[in-house]
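protein_27.pdb (PDB, C-alpha atoms and all ligand atoms)
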```pdb
ATOM      1  CA  MET A   1      66.314  24.115 -10.766  1.00  0.00           C
ATOM      2  CA  ILE A   2      63.007  25.497  -9.564  1.00  0.00           C
ATOM      3  CA  ILE A   3      61.291  24.141 -12.685  1.00  0.00           C
ATOM      4  CA  GLU A   4      62.646  20.637 -12.056  1.00  0.00           C
ATOM      5  CA  GLU A   5      61.379  20.702  -8.447  1.00  0.00           C
ATOM      6  CA  THR A   6      57.921  21.811  -9.620  1.00  0.00           C
ATOM      7  CA  LYS A   7      57.784  18.938 -12.159  1.00  0.00           C
ATOM      8  CA  LEU A   8      58.844  16.522  -9.454  1.00  0.00           C
ATOM      9  CA  ALA A   9      56.110  17.843  -7.132  1.00  0.00           C
ATOM     10  CA  LYS A  10      53.454  17.372  -9.867  1.00  0.00           C
ATOM     11  CA  VAL A  11      54.568  13.799 -10.454  1.00  0.00           C
ATOM     12  CA  GLU A  12      54.351  13.112  -6.721  1.00  0.00           C
ATOM     13  CA  ASP A  13      50.860  14.690  -6.636  1.00  0.00           C
ATOM     14  CA  ARG A  14      49.684  12.417  -9.482  1.00  0.00           C
ATOM     15  CA  GLY A  15      51.019   9.420  -7.615  1.00  0.00           C
ATOM     16  CA  GLU A  16      49.183  10.532  -4.491  1.00  0.00           C
ATOM     17  CA  VAL A  17      45.959  11.093  -6.461  1.00  0.00           C
ATOM     18  CA  ALA A  18      46.294   7.663  -8.061  1.00  0.00           C
ATOM     19  CA  THR A  19      46.786   6.117  -4.624  1.00  0.00           C
ATOM     20  CA  ARG A  20      43.759   7.985  -3.259  1.00  0.00           C
ATOM     21  CA  ARG A  21      41.648   6.853  -6.228  1.00  0.00           C
ATOM     22  CA  ALA A  22      42.754   3.270  -5.785  1.00  0.00           C
ATOM     23  CA  PHE A  23      41.917   3.455  -2.093  1.00  0.00           C
ATOM     24  CA  LEU A  24      38.463   4.954  -2.795  1.00  0.00           C
ATOM     25  CA  ALA A  25      37.775   2.306  -5.466  1.00  0.00           C
ATOM     26  CA  ALA A  26      38.797  -0.472  -3.086  1.00  0.00           C
ATOM     27  CA  ALA A  27      36.651   1.054  -0.338  1.00  0.00           C
ATOM     28  CA  GLY A  28      33.716   1.268  -2.749  1.00  0.00           C
ATOM     29  CA  VAL A  29      34.067  -2.384  -3.751  1.00  0.00           C
ATOM     30  CA  ALA A  30      34.357  -3.406  -0.108  1.00  0.00           C
ATOM     31  CA  GLY A  31      31.249  -1.348   0.696  1.00  0.00           C
ATOM     32  CA  LEU A  32      29.284  -3.033  -2.092  1.00  0.00           C
ATOM     33  CA  CYS A  33      30.360  -6.469  -0.869  1.00  0.00           C
ATOM     34  CA  TYR A  34      29.385  -5.571   2.686  1.00  0.00           C
ATOM     35  CA  THR A  35      25.998  -4.263   1.552  1.00  0.00           C
ATOM     36  CA  ALA A  36      25.371  -7.408  -0.507  1.00  0.00           C
ATOM     37  CA  ALA A  37      26.352  -9.601   2.455  1.00  0.00           C
ATOM     38  CA  LEU A  38      23.818  -7.760   4.627  1.00  0.00           C
ATOM     39  CA  ALA A  39      21.078  -7.548   2.022  1.00  0.00           C
ATOM     40  CA  TYR A  40      21.082 -11.190   0.884  1.00  0.00           C
ATOM     41  CA  PRO A  41      19.898 -12.712   4.205  1.00  0.00           C
ATOM     42  CA  ILE A  42      17.218 -10.037   4.446  1.00  0.00           C
ATOM     43  CA  TYR A  43      16.099 -10.839   0.908  1.00  0.00           C
ATOM     44  CA  ARG A  44      16.035 -14.572   1.725  1.00  0.00           C
ATOM     45  CA  TYR A  45      14.039 -13.917   4.886  1.00  0.00           C
ATOM     46  CA  LEU A  46      11.474 -11.815   3.063  1.00  0.00           C
ATOM     47  CA  ALA A  47      11.273 -14.163   0.076  1.00  0.00           C
ATOM     48  CA  SER A  48      11.041 -17.351   2.086  1.00  0.00           C
ATOM     49  CA  PRO A  49       7.244 -17.350   2.738  1.00  0.00           C
ATOM     50  CA  GLU A  50       6.598 -17.241  -1.012  1.00  0.00           C
ATOM     51  CA  GLU A  51       9.153 -19.941  -1.708  1.00  0.00           C
ATOM     52  CA  MET A  52       7.735 -22.062   1.088  1.00  0.00           C
ATOM     53  CA  ALA A  53       4.223 -21.595  -0.269  1.00  0.00           C
ATOM     54  CA  LEU A  54       5.416 -22.644  -3.729  1.00  0.00           C
ATOM     55  CA  SER A  55       7.231 -25.690  -2.437  1.00  0.00           C
ATOM     56  CA  ALA A  56       4.292 -26.519  -0.194  1.00  0.00           C
ATOM     57  CA  THR A  57       2.006 -26.939  -3.174  1.00  0.00           C
ATOM     58  CA  ALA A  58       4.539 -28.507  -5.548  1.00  0.00           C
ATOM     59  CA  VAL A  59       5.358 -31.690  -3.626  1.00  0.00           C
ATOM     60  CA  THR A  60       2.581 -33.852  -2.230  1.00  0.00           C
ATOM     61  CA  GLU A  61       4.415 -37.086  -1.415  1.00  0.00           C
ATOM     62  CA  VAL A  62       7.925 -38.283  -0.606  1.00  0.00           C
ATOM     63  CA  THR A  63       9.064 -41.908  -0.509  1.00  0.00           C
ATOM     64  CA  LEU A  64      11.891 -42.664   1.889  1.00  0.00           C
ATOM     65  CA  LYS A  65      13.510 -45.901   0.762  1.00  0.00           C
ATOM     66  CA  ASP A  66      14.521 -48.288   3.550  1.00  0.00           C
ATOM     67  CA  ALA A  67      13.300 -45.840   6.195  1.00  0.00           C
ATOM     68  CA  GLN A  68      11.182 -48.654   7.686  1.00  0.00           C
ATOM     69  CA  LYS A  69      14.468 -50.001   9.100  1.00  0.00           C
ATOM     70  CA  GLN A  70      14.866 -46.886  11.235  1.00  0.00           C
ATOM     71  CA  PRO A  71      15.194 -47.999  14.890  1.00  0.00           C
ATOM     72  CA  ALA A  72      12.537 -47.069  17.434  1.00  0.00           C
ATOM     73  CA  GLY A  73      13.285 -43.871  19.316  1.00  0.00           C
ATOM     74  CA  SER A  74      15.048 -42.184  16.426  1.00  0.00           C
ATOM     75  CA  VAL A  75      14.402 -39.501  13.867  1.00  0.00           C
ATOM     76  CA  LEU A  76      15.144 -39.219  10.179  1.00  0.00           C
ATOM     77  CA  MET A  77      15.489 -35.702   8.798  1.00  0.00           C
ATOM     78  CA  PHE A  78      14.570 -35.353   5.129  1.00  0.00           C
ATOM     79  CA  LYS A  79      13.416 -32.769   2.605  1.00  0.00           C
ATOM     80  CA  PHE A  80       9.732 -32.459   1.786  1.00  0.00           C
ATOM     81  CA  GLY A  81      10.036 -30.367  -1.357  1.00  0.00           C
ATOM     82  CA  ALA A  82      12.409 -27.581  -0.408  1.00  0.00           C
ATOM     83  CA  SER A  83      11.551 -27.669   3.295  1.00  0.00           C
ATOM     84  CA  PRO A  84      13.103 -29.760   6.047  1.00  0.00           C
ATOM     85  CA  ALA A  85      10.899 -32.435   7.588  1.00  0.00           C
ATOM     86  CA  MET A  86      11.276 -35.190  10.147  1.00  0.00           C
ATOM     87  CA  LEU A  87      10.121 -38.785  10.421  1.00  0.00           C
ATOM     88  CA  ILE A  88       9.999 -40.030  14.003  1.00  0.00           C
ATOM     89  CA  HIS A  89       9.787 -43.697  14.915  1.00  0.00           C
ATOM     90  CA  HIS A  90       8.586 -43.697  18.509  1.00  0.00           C
ATOM     91  CA  GLU A  91       9.514 -46.304  21.124  1.00  0.00           C
ATOM     92  CA  ASP A  92       5.924 -47.611  21.087  1.00  0.00           C
ATOM     93  CA  GLY A  93       6.310 -48.467  17.394  1.00  0.00           C
ATOM     94  CA  SER A  94       4.214 -45.577  16.057  1.00  0.00           C
ATOM     95  CA  TRP A  95       5.435 -43.364  13.220  1.00  0.00           C
ATOM     96  CA  VAL A  96       4.821 -39.640  12.771  1.00  0.00           C
ATOM     97  CA  ALA A  97       6.135 -37.092  10.293  1.00  0.00           C
ATOM     98  CA  PHE A  98       6.122 -33.333  10.631  1.00  0.00           C
ATOM     99  CA  SER A  99       7.433 -30.323   8.854  1.00  0.00           C
ATOM    100  CA  ALA A 100      10.637 -29.315  10.636  1.00  0.00           C
ATOM    101  CA  VAL A 101       9.969 -25.621  10.009  1.00  0.00           C
ATOM    102  CA  CYS A 102       9.122 -23.801  13.224  1.00  0.00           C
ATOM    103  CA  THR A 103       5.810 -21.972  13.008  1.00  0.00           C
ATOM    104  CA  HIS A 104       7.248 -18.996  14.849  1.00  0.00           C
ATOM    105  CA  LEU A 105       9.946 -17.581  12.560  1.00  0.00           C
ATOM    106  CA  GLY A 106      10.886 -20.541  10.415  1.00  0.00           C
ATOM    107  CA  CYS A 107      13.946 -22.034  12.124  1.00  0.00           C
ATOM    108  CA  THR A 108      14.539 -25.757  11.726  1.00  0.00           C
ATOM    109  CA  VAL A 109      13.333 -27.680  14.773  1.00  0.00           C
ATOM    110  CA  GLN A 110      14.961 -30.797  16.215  1.00  0.00           C
ATOM    111  CA  TYR A 111      13.669 -33.941  17.847  1.00  0.00           C
ATOM    112  CA  GLU A 112      14.997 -34.613  21.351  1.00  0.00           C
ATOM    113  CA  PRO A 113      14.407 -38.318  22.046  1.00  0.00           C
ATOM    114  CA  GLN A 114      15.484 -38.170  25.712  1.00  0.00           C
ATOM    115  CA  ALA A 115      12.760 -35.593  26.441  1.00  0.00           C
ATOM    116  CA  ASN A 116      10.426 -36.946  23.724  1.00  0.00           C
ATOM    117  CA  ARG A 117       9.825 -33.469  22.417  1.00  0.00           C
ATOM    118  CA  ILE A 118      10.594 -31.321  19.421  1.00  0.00           C
ATOM    119  CA  HIS A 119      12.598 -28.231  20.264  1.00  0.00           C
ATOM    120  CA  CYS A 120      13.351 -25.025  18.407  1.00  0.00           C
ATOM    121  CA  ALA A 121      16.684 -23.608  19.498  1.00  0.00           C
ATOM    122  CA  CYS A 122      16.007 -20.144  18.068  1.00  0.00           C
ATOM    123  CA  HIS A 123      13.577 -18.924  20.740  1.00  0.00           C
ATOM    124  CA  GLY A 124      12.914 -21.993  22.859  1.00  0.00           C
ATOM    125  CA  GLY A 125       9.731 -23.209  21.215  1.00  0.00           C
ATOM    126  CA  VAL A 126       8.614 -26.714  22.225  1.00  0.00           C
ATOM    127  CA  TYR A 127       6.296 -29.059  20.348  1.00  0.00           C
ATOM    128  CA  SER A 128       4.825 -32.435  21.224  1.00  0.00           C
ATOM    129  CA  ALA A 129       6.729 -35.241  19.514  1.00  0.00           C
ATOM    130  CA  ALA A 130       3.505 -37.257  19.371  1.00  0.00           C
ATOM    131  CA  THR A 131       1.186 -34.708  17.767  1.00  0.00           C
ATOM    132  CA  GLY A 132       3.340 -31.769  16.665  1.00  0.00           C
ATOM    133  CA  GLY A 133       1.186 -29.498  18.826  1.00  0.00           C
ATOM    134  CA  ASN A 134       2.859 -26.407  20.245  1.00  0.00           C
ATOM    135  CA  VAL A 135       3.506 -26.949  23.958  1.00  0.00           C
ATOM    136  CA  SER A 136       5.407 -23.850  25.062  1.00  0.00           C
ATOM    137  CA  GLY A 137       7.345 -20.873  23.831  1.00  0.00           C
ATOM    138  CA  PRO A 138       6.478 -18.453  21.063  1.00  0.00           C
ATOM    139  CA  PRO A 139       5.287 -20.792  18.246  1.00  0.00           C
ATOM    140  CA  PRO A 140       1.710 -19.752  17.437  1.00  0.00           C
ATOM    141  CA  LYS A 141       0.516 -23.024  15.942  1.00  0.00           C
ATOM    142  CA  PRO A 142       1.408 -26.736  15.618  1.00  0.00           C
ATOM    143  CA  LEU A 143       3.913 -28.154  13.175  1.00  0.00           C
ATOM    144  CA  THR A 144       2.412 -29.319   9.894  1.00  0.00           C
ATOM    145  CA  ARG A 145       1.727 -33.027  10.205  1.00  0.00           C
ATOM    146  CA  PHE A 146       2.073 -35.454   7.313  1.00  0.00           C
ATOM    147  CA  LYS A 147       0.469 -38.828   6.680  1.00  0.00           C
ATOM    148  CA  VAL A 148       2.796 -41.796   7.090  1.00  0.00           C
ATOM    149  CA  ALA A 149       2.482 -45.175   5.393  1.00  0.00           C
ATOM    150  CA  VAL A 150       5.092 -47.808   6.267  1.00  0.00           C
ATOM    151  CA  ASN A 151       5.644 -50.754   3.942  1.00  0.00           C
ATOM    152  CA  GLU A 152       8.436 -53.253   3.264  1.00  0.00           C
ATOM    153  CA  ALA A 153      10.143 -50.970   0.678  1.00  0.00           C
ATOM    154  CA  GLY A 154      10.199 -47.807   2.741  1.00  0.00           C
ATOM    155  CA  VAL A 155       8.036 -45.097   4.244  1.00  0.00           C
ATOM    156  CA  GLU A 156       5.724 -42.904   2.233  1.00  0.00           C
ATOM    157  CA  VAL A 157       5.113 -39.447   3.655  1.00  0.00           C
ATOM    158  CA  SER A 158       2.315 -37.386   2.152  1.00  0.00           C
ATOM    159  CA  ARG A 159       0.215 -34.345   2.861  1.00  0.00           C
ATOM    160  CA  ALA A 160      -2.517 -35.092   5.362  1.00  0.00           C
TER     161      ALA A 160
HETATM  162  S1  LIG A 201      11.720 -19.632  15.344  1.00  0.00           S
HETATM  163 FE1  LIG A 201      11.227 -21.322  16.563  1.00  0.00          FE
HETATM  164  S2  LIG A 201      10.702 -20.485  18.449  1.00  0.00           S
HETATM  165 FE2  LIG A 201      11.174 -18.766  17.225  1.00  0.00          FE
END
```
How does this structure look as structure tokens?
Amino acid sequence: MIIEETKLAKVEDRGEVATRRAFLAAAGVAGLCYTAALAYPIYRYLASPEEMALSATAVTEVTLKDAQKQPAGSVLMFKFGASPAMLIHHEDGSWVAFSAVCTHLGCTVQYEPQANRIHCACHGGVYSAATGGNVSGPPPKPLTRFKVAVNEAGVEVSRA
């Protein structure tokens, strides 16, 4: 009788050990996933200047088909290489194109037609919608400005 109880206790111990191992394995996998989820944005942040430099030299011109039909007072967001950019058609009929990458920490900026400014929501940076010059907030320098050529097929945006 005592022998049977001892065998039963060993079987229960093995079951408990197996459960503990399964729990530790699951916790380890969850820890790895959590670490990867934290590390990937950090990696992207640190790698982004190199990627931006590569994309900055790779693409020199973008043609935006039918963009000449864009109404005055509006913006067209597009990709210049791998980076976001914006084409603004001002109310006075002029066209300007800028990189939409904030010069502070790289957030994507947005055109605000009612205030006729370009705003970065990350830290409140403000740029001139006419020149791309930094007006207020933390951005240290103006947005990169592109050359714009409007024709009947579209708008060509190229490095200035
Ligand atoms: S990233 Fe644009 S103001 Fe900081």
Just checking: using all atoms listed in the file, which residue out of A:Tyr111, A:Tyr127, A:Tyr40, A:Phe98 ends up closest to Val148 of chain A? A:Phe98
Name the residues that the PyMOL selection byres (((chain A and resi 117) around 7) and not hetatm) pulls out of this structure, and write them as a list in words.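 Output of the PyMOL selection byres (((chain A and resi 117) around 7) and not hetatm): Tyr111, Glu112, Pro113, Ala115, Asn116, Ile118, His119, Val126, Tyr127, Ser128 and Ala129 of chain A.
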Since I can't run it myself right now, could you work out what the PyMOL selection byres (((chain A and resi 61) around 12) and not hetatm) selects here and report it as a list in words?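 That selection, the PyMOL selection byres (((chain A and resi 61) around 12) and not hetatm), comes back as Ser55, Ala56, Thr57, Ala58, Val59, Thr60, Val62, Thr63, Leu64, Lys79, Phe80, Gly81, Ala97, Phe146, Lys147, Val148, Ala149, Val155, Glu156, Val157, Ser158, Arg159 and Ala160 of chain A.
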Considering all atoms listed in the file, tabulate each residue of chain A that lies at most 8 Å from ligand LIG 201 (chain A) along with its nearest interatomic pair and the corresponding distance in Å to one decimal; arrange the rows by chain and ascending residue number and present them as a Markdown table.
```
| residue | atom | partner | partner_atom | distance |
| --- | --- | --- | --- | --- |
| A:Val101 | CA | A:LIG201 | FE1 | 7.9 |
| A:Cys102 | CA | A:LIG201 | FE1 | 4.7 |
| A:Thr103 | CA | A:LIG201 | FE1 | 6.5 |
| A:His104 | CA | A:LIG201 | S1 | 4.5 |
| A:Leu105 | CA | A:LIG201 | S1 | 3.9 |
| A:Gly106 | CA | A:LIG201 | S1 | 5.1 |
| A:Cys107 | CA | A:LIG201 | S1 | 4.6 |
| A:Thr108 | CA | A:LIG201 | FE1 | 7.4 |
| A:Val109 | CA | A:LIG201 | FE1 | 6.9 |
| A:His119 | CA | A:LIG201 | FE1 | 8.0 |
| A:Cys120 | CA | A:LIG201 | FE1 | 4.7 |
| A:Ala121 | CA | A:LIG201 | FE1 | 6.6 |
| A:Cys122 | CA | A:LIG201 | FE2 | 5.1 |
| A:His123 | CA | A:LIG201 | S2 | 4.0 |
| A:Gly124 | CA | A:LIG201 | S2 | 5.2 |
| A:Gly125 | CA | A:LIG201 | S2 | 4.0 |
| A:Val126 | CA | A:LIG201 | S2 | 7.6 |
| A:Gly137 | CA | A:LIG201 | S2 | 6.4 |
| A:Pro138 | CA | A:LIG201 | S2 | 5.4 |
| A:Pro139 | CA | A:LIG201 | S2 | 5.4 |
```
Using all atoms of segment 19-28 of chain A that appear in the file, construct an axis-aligned enclosing box with 5 Å of padding on every side and provide its centre coordinates and edge lengths in Å, rounded to one decimal, as lines of an AutoDock Vina configuration file.
```
center_x = 40.3
center_y = 3.8
center_z = -3.3
size_x = 23.1
size_y = 18.5
size_z = 15.9
```
Suppose a student applies the PyMOL selection byres (((chain A and resi 144) around 8) and not hetatm) to this structure; what residues should they get, written as a PyMOL selection string? chain A and resi 98-99+132+142-143+145-146
Counting all atoms listed in the file, figure out which residue out of A:Glu152, A:Ala100, A:Val29, A:Lys141 gets nearest to Ala82 of chain A.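 Comparing A:Glu152, A:Ala100, A:Val29, A:Lys141 against Ala82 of chain A, the winner is A:Ala100.
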Between atom CA of Ala130 of chain A and atom CA of Ala153 of chain A, what distance in Å does the model show, to one decimal? 24.1 Å
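Note that atom CA of Val75 of chain A and atom CA of Leu87 of chain A are 5.5 Å apart.
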To one decimal in Å, tell me the separation between atom CA of Ala72 of chain A and atom CA of Ala85 of chain A. 17.7 Å
Within 9 Å of Gly154 of chain A, counting only C-alpha atoms, which residues qualify if same-chain residues fewer than 6 places away don't, as a list in words?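 Counting only C-alpha atoms, the residues come to Thr63, Leu64, Lys65, Asp66, Ala67, Gln68 and Lys69 of chain A.
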Around (14.5, -40.3, 11.7) in the file's own coordinates, what residues are found within 9 Å if you use all atoms listed in the file, given back as a short mmCIF file (atom, residue, chain, number, x, y, z; two decimals) with C-alpha atoms, in the frame of the given file?
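Done, and the output landed in selection31.cif:
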```cif
data_model
loop_
_atom_site.label_atom_id
_atom_site.label_comp_id
_atom_site.auth_asym_id
_atom_site.auth_seq_id
_atom_site.Cartn_x
_atom_site.Cartn_y
_atom_site.Cartn_z
CA ALA A 67 13.30 -45.84 6.20
CA GLN A 70 14.87 -46.89 11.24
CA PRO A 71 15.19 -48.00 14.89
CA GLY A 73 13.28 -43.87 19.32
CA SER A 74 15.05 -42.18 16.43
CA VAL A 75 14.40 -39.50 13.87
CA LEU A 76 15.14 -39.22 10.18
CA MET A 77 15.49 -35.70 8.80
CA PHE A 78 14.57 -35.35 5.13
CA MET A 86 11.28 -35.19 10.15
CA LEU A 87 10.12 -38.78 10.42
CA ILE A 88 10.00 -40.03 14.00
CA HIS A 89 9.79 -43.70 14.92
CA TYR A 111 13.67 -33.94 17.85
#
```
